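All remarks here apply to the structure that follows.
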Amino acid sequence: MWDPGELVNRRRSAATAIALVCALTVLAAPGQAYADPSPPRSEQRLQEVRSEIDALYRKAGAATDAYNLAEERADKQSSEIVKLAKEIVEGQQRIEDLKRRIGAEARAQYRSGGLPPEAKLMLSRDPRHFLDGAGRLREGQQAAKGLLGELSRTQTDLEAYTKDATAQWKRLESSRKKKEAAKKEIKKQIAAAEKLESTLEKEERERLLRMEQEAEYRAQTAWLDSGALGDAAGRATKGGEAAVAYATAQIGKPYVWGAEGPGSFDCSGLTSKAWLAGGRVIPRTSQEQWKQLPRVDVKDMRPGDLIVYFDDASHIGMYVGDGAMVHAPRPGRDVTMAGAGSMPILGVVRPDR
């Protein structure tokens, strides 16, 4: 049985650990900088490399969002095509049945001698037979009109289904092309980032990591000091608790673009699966989560809310309380806990509002 109190304690311990690690990094940085014999140009170069790597991974993240959206749409379009194909088959079978019934009516009339039913009725000398025949004639005429009307409606429906299926197929092909283009862009940007990182010496990569940690710590500290977080003491709903429990349980699993578990995740794959565990189906991508889910003020955040980052909504994480969030950062990194204000916040959305 999951204990909410235990998770709160874990989140607080994690948030404290984040702050402690970052603080130790900052405290250690001046001594390291003092002992480092590298000229200022090397430090400047690392800053430039860091900015370039970040930009490349940001582009890969945006392309991943485009890939995920195209994949989601392709899945929906495929399902719609299957549904329409079933309706087309049923419509064709219905038309064949109506044609057989209309043909049977025509053959029956032919076998009756070719005289129109009205003429036969007028030749009848028995008044009772005449009245009975008149009633049957009206019923037969109405039935014939009904069959023809149903045939016409079914043919119209069949044409509409076929037209819709053709349109869905074209949209499916468009989504597939967008998906492939996004896939190429992702691989291109990740390869460029990895190539740039490979040009660094081991000591430079370590310094680069420290610079990233320092930058995140400074951003988090400035965000907390600004008072933007407010009290943010709202309690998670039952669904929010389940979503947070799922997300935090994935810590340590690798980021893989397009992945949504169970062994790996991208940023929106993690949040969408976490909220599925919380009983809510939400859009697959960070941009669609930002567009479609209800928004709340940062100061009103509660655990389970989703924090959207950067102007293009290309990254997303889940708030877990105490100024911390859990997210899948980027290729080469694992799902982790981080400061909620360590990146530029675009806004906050609440799946269970």
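Labeling convention for the structure tokens: chains A, B, ... as they appear, residues from 1 per chain, ligands from 1 in order of appearance.
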
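Taking only C-alpha atoms, the non-local environment of segment 89-94 of chain A within 8 Å (same-chain residues fewer than 2 positions away omitted) comprises Ala85, Lys86, Glu87, Glu96, Asp97, Leu98, Thr154, Gln155, Asp157 and Leu158 of chain A.
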
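Interatomic distance, atom CA of Tyr67 of chain A against atom CA of Ser175 of chain A: 9.1 Å.
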
Inset, instruction - Compare A:Gln213, A:Thr285, A:Thr336, A:Thr221 by their minimum atom-to-atom distance to Gly252 of chain A, counting only C-alpha atoms, and give me the closest one. - result: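 Closest to Gly252 of chain A, using only C-alpha atoms: A:Thr336.
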
Inset, instruction - Please provide as a list in words all residues within 8 Å of segment 317-323 of chain A, with the sequence filter that same-chain residues fewer than 2 positions apart are discarded (counting only C-alpha atoms). - result: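 Counting only the stated atoms, we get Val8, Arg11, Arg12, Ala15, Leu224, Leu229, Ala232, Ala233, Val244, Ala247, Cys267, Ser268, Thr271, Met301, Arg302, Pro303, Gly304, Asp305, Leu306, Ile307, Val308, His315, Met325, Val326, His327, Ala328, Gly339, Ala340 and Gly341 of chain A.
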
Could you write out the selected residues, including N, CA and C atoms, as a PDB file, in the first residue's frame?
ATOM      1  N   VAL A   8       5.785  12.142   0.544  1.00  0.00           N
ATOM      2  CA  VAL A   8       6.107  13.537   0.874  1.00  0.00           C
ATOM      3  C   VAL A   8       7.493  13.620   1.482  1.00  0.00           C
ATOM      4  N   ARG A  11      10.002  13.135  -1.192  1.00  0.00           N
ATOM      5  CA  ARG A  11      10.151  14.315  -2.030  1.00  0.00           C
ATOM      6  C   ARG A  11      10.963  15.374  -1.318  1.00  0.00           C
ATOM      7  N   ARG A  12      10.687  15.566  -0.017  1.00  0.00           N
ATOM      8  CA  ARG A  12      11.441  16.577   0.728  1.00  0.00           C
ATOM      9  C   ARG A  12      12.911  16.213   0.830  1.00  0.00           C
ATOM     10  N   ALA A  15      14.370  16.849  -2.569  1.00  0.00           N
ATOM     11  CA  ALA A  15      14.548  18.280  -2.815  1.00  0.00           C
ATOM     12  C   ALA A  15      15.724  18.819  -2.028  1.00  0.00           C
ATOM     13  N   LEU A 224      13.300  30.771  -6.679  1.00  0.00           N
ATOM     14  CA  LEU A 224      12.755  30.692  -5.326  1.00  0.00           C
ATOM     15  C   LEU A 224      12.793  32.055  -4.644  1.00  0.00           C
ATOM     16  N   LEU A 229       7.065  31.073  -6.623  1.00  0.00           N
ATOM     17  CA  LEU A 229       6.454  29.824  -6.190  1.00  0.00           C
ATOM     18  C   LEU A 229       5.314  30.061  -5.217  1.00  0.00           C
ATOM     19  N   ALA A 232       2.410  27.527  -2.657  1.00  0.00           N
ATOM     20  CA  ALA A 232       2.331  26.262  -3.418  1.00  0.00           C
ATOM     21  C   ALA A 232       2.165  25.077  -2.472  1.00  0.00           C
ATOM     22  N   ALA A 233       1.256  25.240  -1.536  1.00  0.00           N
ATOM     23  CA  ALA A 233       1.060  24.207  -0.521  1.00  0.00           C
ATOM     24  C   ALA A 233      -0.155  23.336  -0.811  1.00  0.00           C
ATOM     25  N   VAL A 244       2.266  11.057  -9.374  1.00  0.00           N
ATOM     26  CA  VAL A 244       3.587  11.371  -8.799  1.00  0.00           C
ATOM     27  C   VAL A 244       4.313  10.085  -8.412  1.00  0.00           C
ATOM     28  N   ALA A 247       5.662   8.553 -11.592  1.00  0.00           N
ATOM     29  CA  ALA A 247       6.774   9.309 -12.173  1.00  0.00           C
ATOM     30  C   ALA A 247       8.054   9.139 -11.361  1.00  0.00           C
ATOM     31  N   CYS A 267      10.300  13.183 -22.348  1.00  0.00           N
ATOM     32  CA  CYS A 267       9.687  14.008 -21.303  1.00  0.00           C
ATOM     33  C   CYS A 267       8.168  13.871 -21.249  1.00  0.00           C
ATOM     34  N   SER A 268       7.508  13.958 -22.396  1.00  0.00           N
ATOM     35  CA  SER A 268       6.043  13.883 -22.392  1.00  0.00           C
ATOM     36  C   SER A 268       5.550  12.441 -22.311  1.00  0.00           C
ATOM     37  N   THR A 271       5.227  12.012 -18.543  1.00  0.00           N
ATOM     38  CA  THR A 271       4.073  12.670 -17.932  1.00  0.00           C
ATOM     39  C   THR A 271       2.753  12.041 -18.370  1.00  0.00           C
ATOM     40  N   MET A 301       0.477  25.837  -7.700  1.00  0.00           N
ATOM     41  CA  MET A 301       0.837  24.472  -8.072  1.00  0.00           C
ATOM     42  C   MET A 301       0.620  23.500  -6.920  1.00  0.00           C
ATOM     43  N   ARG A 302       0.282  22.276  -7.313  1.00  0.00           N
ATOM     44  CA  ARG A 302       0.214  21.192  -6.345  1.00  0.00           C
ATOM     45  C   ARG A 302       0.856  19.960  -6.986  1.00  0.00           C
ATOM     46  N   PRO A 303       1.303  19.001  -6.180  1.00  0.00           N
ATOM     47  CA  PRO A 303       1.934  17.795  -6.743  1.00  0.00           C
ATOM     48  C   PRO A 303       1.036  17.119  -7.778  1.00  0.00           C
ATOM     49  N   GLY A 304       1.645  16.758  -8.882  1.00  0.00           N
ATOM     50  CA  GLY A 304       0.910  16.149  -9.994  1.00  0.00           C
ATOM     51  C   GLY A 304       0.712  17.106 -11.152  1.00  0.00           C
ATOM     52  N   ASP A 305       0.775  18.423 -10.873  1.00  0.00           N
ATOM     53  CA  ASP A 305       0.682  19.406 -11.960  1.00  0.00           C
ATOM     54  C   ASP A 305       1.890  19.277 -12.872  1.00  0.00           C
ATOM     55  N   LEU A 306       1.716  19.695 -14.119  1.00  0.00           N
ATOM     56  CA  LEU A 306       2.792  19.591 -15.109  1.00  0.00           C
ATOM     57  C   LEU A 306       3.357  20.982 -15.399  1.00  0.00           C
ATOM     58  N   ILE A 307       4.676  21.089 -15.340  1.00  0.00           N
ATOM     59  CA  ILE A 307       5.351  22.357 -15.608  1.00  0.00           C
ATOM     60  C   ILE A 307       5.898  22.316 -17.033  1.00  0.00           C
ATOM     61  N   VAL A 308       5.494  23.290 -17.828  1.00  0.00           N
ATOM     62  CA  VAL A 308       5.893  23.358 -19.231  1.00  0.00           C
ATOM     63  C   VAL A 308       7.041  24.369 -19.358  1.00  0.00           C
ATOM     64  N   HIS A 315       9.500  21.144 -23.613  1.00  0.00           N
ATOM     65  CA  HIS A 315       9.898  20.271 -22.503  1.00  0.00           C
ATOM     66  C   HIS A 315       8.852  20.358 -21.402  1.00  0.00           C
ATOM     67  N   MET A 325      10.747  19.015  -9.159  1.00  0.00           N
ATOM     68  CA  MET A 325       9.979  18.308 -10.196  1.00  0.00           C
ATOM     69  C   MET A 325      10.789  17.110 -10.670  1.00  0.00           C
ATOM     70  N   VAL A 326      10.083  16.163 -11.286  1.00  0.00           N
ATOM     71  CA  VAL A 326      10.737  14.998 -11.874  1.00  0.00           C
ATOM     72  C   VAL A 326      10.522  15.071 -13.379  1.00  0.00           C
ATOM     73  N   HIS A 327      11.572  14.751 -14.143  1.00  0.00           N
ATOM     74  CA  HIS A 327      11.464  14.832 -15.601  1.00  0.00           C
ATOM     75  C   HIS A 327      12.484  13.926 -16.275  1.00  0.00           C
ATOM     76  N   ALA A 328      12.249  13.709 -17.578  1.00  0.00           N
ATOM     77  CA  ALA A 328      13.218  13.006 -18.425  1.00  0.00           C
ATOM     78  C   ALA A 328      13.935  14.088 -19.223  1.00  0.00           C
ATOM     79  N   GLY A 339      15.293  20.944  -9.722  1.00  0.00           N
ATOM     80  CA  GLY A 339      14.582  22.123  -9.258  1.00  0.00           C
ATOM     81  C   GLY A 339      13.534  22.528 -10.272  1.00  0.00           C
ATOM     82  N   ALA A 340      12.334  22.836  -9.810  1.00  0.00           N
ATOM     83  CA  ALA A 340      11.251  23.193 -10.729  1.00  0.00           C
ATOM     84  C   ALA A 340      11.555  24.469 -11.497  1.00  0.00           C
ATOM     85  N   GLY A 341      12.389  25.341 -10.921  1.00  0.00           N
ATOM     86  CA  GLY A 341      12.728  26.596 -11.589  1.00  0.00           C
ATOM     87  C   GLY A 341      14.089  26.593 -12.245  1.00  0.00           C
TER      88      GLY A 341
END

Ser272 of chain A environment, 7 Å, only C-alpha atoms, sequence neighbours closer than 5 positions dropped, as a tab-separated table (two decimals) with C-alpha atoms, in the first residue's frame:
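Output saved as selection-v3.tsv:
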chain	number	residue	atom	x	y	z
A	282	ILE	CA	-3.87	13.28	-21.57
A	283	PRO	CA	-2.29	14.30	-24.91
A	284	ARG	CA	0.96	12.57	-25.83

Inset, instruction - Name the closest residue to Ala242 of chain A among the candidates A:Pro344, A:Gly261, A:Gly149, A:Gly279; distances are taken between atoms, counting only C-alpha atoms. - result: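 Looking at the shortest contact to Ala242 of chain A, the residue is A:Gly279.
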
Inset, instruction - Tell me which of A:Leu196, A:Pro254, A:Lys99, A:Val49 sits closest to Ser152 of chain A, counting only C-alpha atoms. - result: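 Between A:Leu196, A:Pro254, A:Lys99, A:Val49, the residue approaching Ser152 of chain A most closely is A:Lys99.
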
Legend entry - Counting only C-alpha atoms, the residue of A:Ser314, A:Asp54, A:Ala324, A:Arg295 that sits nearest Gly347 of chain A: A:Arg295

Can you tell me, as an mmCIF file with C-alpha atoms, in the first residue's frame, which residues in segment 216-323 of chain A count as helix (DSSP H, G or I) by DSSP?
data_model
loop_
_atom_site.group_PDB
_atom_site.id
_atom_site.type_symbol
_atom_site.label_atom_id
_atom_site.label_comp_id
_atom_site.auth_asym_id
_atom_site.auth_seq_id
_atom_site.Cartn_x
_atom_site.Cartn_y
_atom_site.Cartn_z
ATOM 1 C CA GLU A 216 20.604 25.110 -12.869
ATOM 2 C CA TYR A 217 21.327 25.952 -9.224
ATOM 3 C CA ARG A 218 21.534 29.669 -9.933
ATOM 4 C CA ALA A 219 18.270 29.555 -11.899
ATOM 5 C CA GLN A 220 16.504 27.590 -9.149
ATOM 6 C CA THR A 221 17.783 29.918 -6.423
ATOM 7 C CA ALA A 222 16.755 33.039 -8.347
ATOM 8 C CA TRP A 223 13.314 31.533 -8.985
ATOM 9 C CA LEU A 224 12.755 30.692 -5.326
ATOM 10 C CA ASP A 225 14.056 34.099 -4.204
ATOM 11 C CA LYS A 238 -5.806 10.915 -5.300
ATOM 12 C CA GLY A 239 -5.063 10.819 -9.049
ATOM 13 C CA GLY A 240 -2.207 13.280 -8.598
ATOM 14 C CA GLU A 241 -0.679 11.129 -5.866
ATOM 15 C CA ALA A 242 -0.798 8.095 -8.145
ATOM 16 C CA ALA A 243 0.748 10.093 -11.018
ATOM 17 C CA VAL A 244 3.587 11.371 -8.799
ATOM 18 C CA ALA A 245 4.187 7.877 -7.428
ATOM 19 C CA TYR A 246 4.480 6.523 -10.974
ATOM 20 C CA ALA A 247 6.774 9.309 -12.173
ATOM 21 C CA THR A 248 9.148 9.115 -9.208
ATOM 22 C CA ALA A 249 9.329 5.334 -9.541
ATOM 23 C CA CYS A 267 9.687 14.008 -21.303
ATOM 24 C CA SER A 268 6.043 13.883 -22.392
ATOM 25 C CA GLY A 269 6.047 10.092 -22.533
ATOM 26 C CA LEU A 270 6.798 10.154 -18.801
ATOM 27 C CA THR A 271 4.073 12.670 -17.932
ATOM 28 C CA SER A 272 1.406 11.049 -20.119
ATOM 29 C CA LYS A 273 2.065 7.569 -18.696
ATOM 30 C CA ALA A 274 2.224 8.925 -15.150
ATOM 31 C CA TRP A 275 -1.200 10.499 -15.511
ATOM 32 C CA LEU A 276 -2.552 7.351 -17.139
ATOM 33 C CA ALA A 277 -1.580 5.674 -13.868
ATOM 34 C CA SER A 286 4.316 18.483 -24.308
ATOM 35 C CA GLN A 287 2.980 21.059 -26.771
ATOM 36 C CA GLU A 288 -0.467 19.447 -26.884
ATOM 37 C CA GLN A 289 -0.471 19.052 -23.106
ATOM 38 C CA TRP A 290 0.190 22.796 -22.887
ATOM 39 C CA LYS A 291 -2.507 23.601 -25.451
ATOM 40 C CA GLN A 292 -5.273 21.331 -24.228
ATOM 41 C CA VAL A 298 2.683 28.766 -10.644
ATOM 42 C CA LYS A 299 1.946 29.947 -7.099
ATOM 43 C CA ASP A 300 -1.056 27.588 -6.996
#

Legend entry - Selected residue, from A:Glu71, A:Ala259, A:Arg205, A:Arg350, that lies nearest to Leu46 of chain A when counting only C-alpha atoms: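 Ranked by minimum distance to Leu46 of chain A, first place goes to A:Arg205.
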
Legend entry - From A:Arg171, A:Ala104, A:Glu52, A:Asp65, residue lying nearest Glu80 of chain A [only C-alpha atoms]: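 So, comparing all the options, the nearest one is A:Arg171.
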
Inset, instruction - Using DSSP on the backbone coordinates, identify the residues of segment 178-312 of chain A assigned to strand (DSSP E); present them as a list in words. - result: Arg295, Val296, Leu306, Ile307, Val308 and Tyr309 of chain A

Output the selection as a PDB file, in the first residue's frame - C-alpha atoms for each residue.
ATOM      1  CA  ARG A 295      -3.776  26.115 -16.813  1.00  0.00           C
ATOM      2  CA  VAL A 296      -3.042  27.221 -13.265  1.00  0.00           C
ATOM      3  CA  LEU A 306       2.792  19.591 -15.109  1.00  0.00           C
ATOM      4  CA  ILE A 307       5.351  22.357 -15.608  1.00  0.00           C
ATOM      5  CA  VAL A 308       5.893  23.358 -19.231  1.00  0.00           C
ATOM      6  CA  TYR A 309       9.282  24.815 -20.182  1.00  0.00           C
TER       7      TYR A 309
END

Inset, instruction - For atom CA of Gly227 of chain A and atom CA of Val349 of chain A, quote the distance in Å rounded to one decimal. - result: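 If I compute the distance from atom CA of Gly227 of chain A to atom CA of Val349 of chain A, I get 19.4 Å.
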
Legend entry - Residue neighbourhood Arg333 of chain A, 7 Å, only C-alpha atoms, exclusion window fewer than 3 positions, as a list in words: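 Residues near the query, excluding close chain neighbours: Pro254, Tyr255, Pro329 and Arg330 of chain A.
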
Only all heavy atoms, please: the residues just picked out, written as a tab-separated table (two decimals), in the first residue's frame.
chain	number	residue	atom	x	y	z
A	254	PRO	N	16.53	5.56	-18.51
A	254	PRO	CA	17.11	6.46	-19.52
A	254	PRO	C	16.09	7.21	-20.36
A	254	PRO	O	14.96	6.74	-20.56
A	254	PRO	CB	17.92	5.51	-20.41
A	254	PRO	CG	17.20	4.20	-20.29
A	254	PRO	CD	16.73	4.14	-18.87
A	255	TYR	N	16.49	8.41	-20.79
A	255	TYR	CA	15.71	9.16	-21.78
A	255	TYR	C	15.95	8.51	-23.15
A	255	TYR	O	17.09	8.28	-23.55
A	255	TYR	CB	16.17	10.62	-21.83
A	255	TYR	CG	15.46	11.44	-22.90
A	255	TYR	CD1	14.47	12.36	-22.56
A	255	TYR	CD2	15.78	11.30	-24.25
A	255	TYR	CE1	13.82	13.11	-23.53
A	255	TYR	CE2	15.13	12.04	-25.23
A	255	TYR	CZ	14.17	12.94	-24.87
A	255	TYR	OH	13.54	13.68	-25.83
A	329	PRO	N	15.19	14.42	-18.89
A	329	PRO	CA	15.84	15.64	-19.41
A	329	PRO	C	16.11	15.65	-20.92
A	329	PRO	O	15.56	16.46	-21.64
A	329	PRO	CB	17.16	15.70	-18.62
A	329	PRO	CG	16.96	14.80	-17.45
A	329	PRO	CD	16.02	13.73	-17.91
A	330	ARG	N	16.96	14.72	-21.37
A	330	ARG	CA	17.36	14.73	-22.78
A	330	ARG	C	18.15	13.47	-23.07
A	330	ARG	O	18.49	12.71	-22.14
A	330	ARG	CB	18.21	15.96	-23.09
A	330	ARG	CG	19.56	16.03	-22.37
A	330	ARG	CD	20.41	17.13	-22.97
A	330	ARG	NE	21.67	17.36	-22.32
A	330	ARG	CZ	22.78	16.65	-22.49
A	330	ARG	NH1	22.74	15.56	-23.25
A	330	ARG	NH2	23.91	16.97	-21.88

Inset, instruction - For segment 177-191 of chain A, list every protein, DNA or RNA residue within 9 Å, evaluated using only C-alpha atoms, and leave out those in the same chain fewer than 5 positions away; present the list as a VMD selection string. - result: chain A and resid 56 to 71 74 172 196 257 331
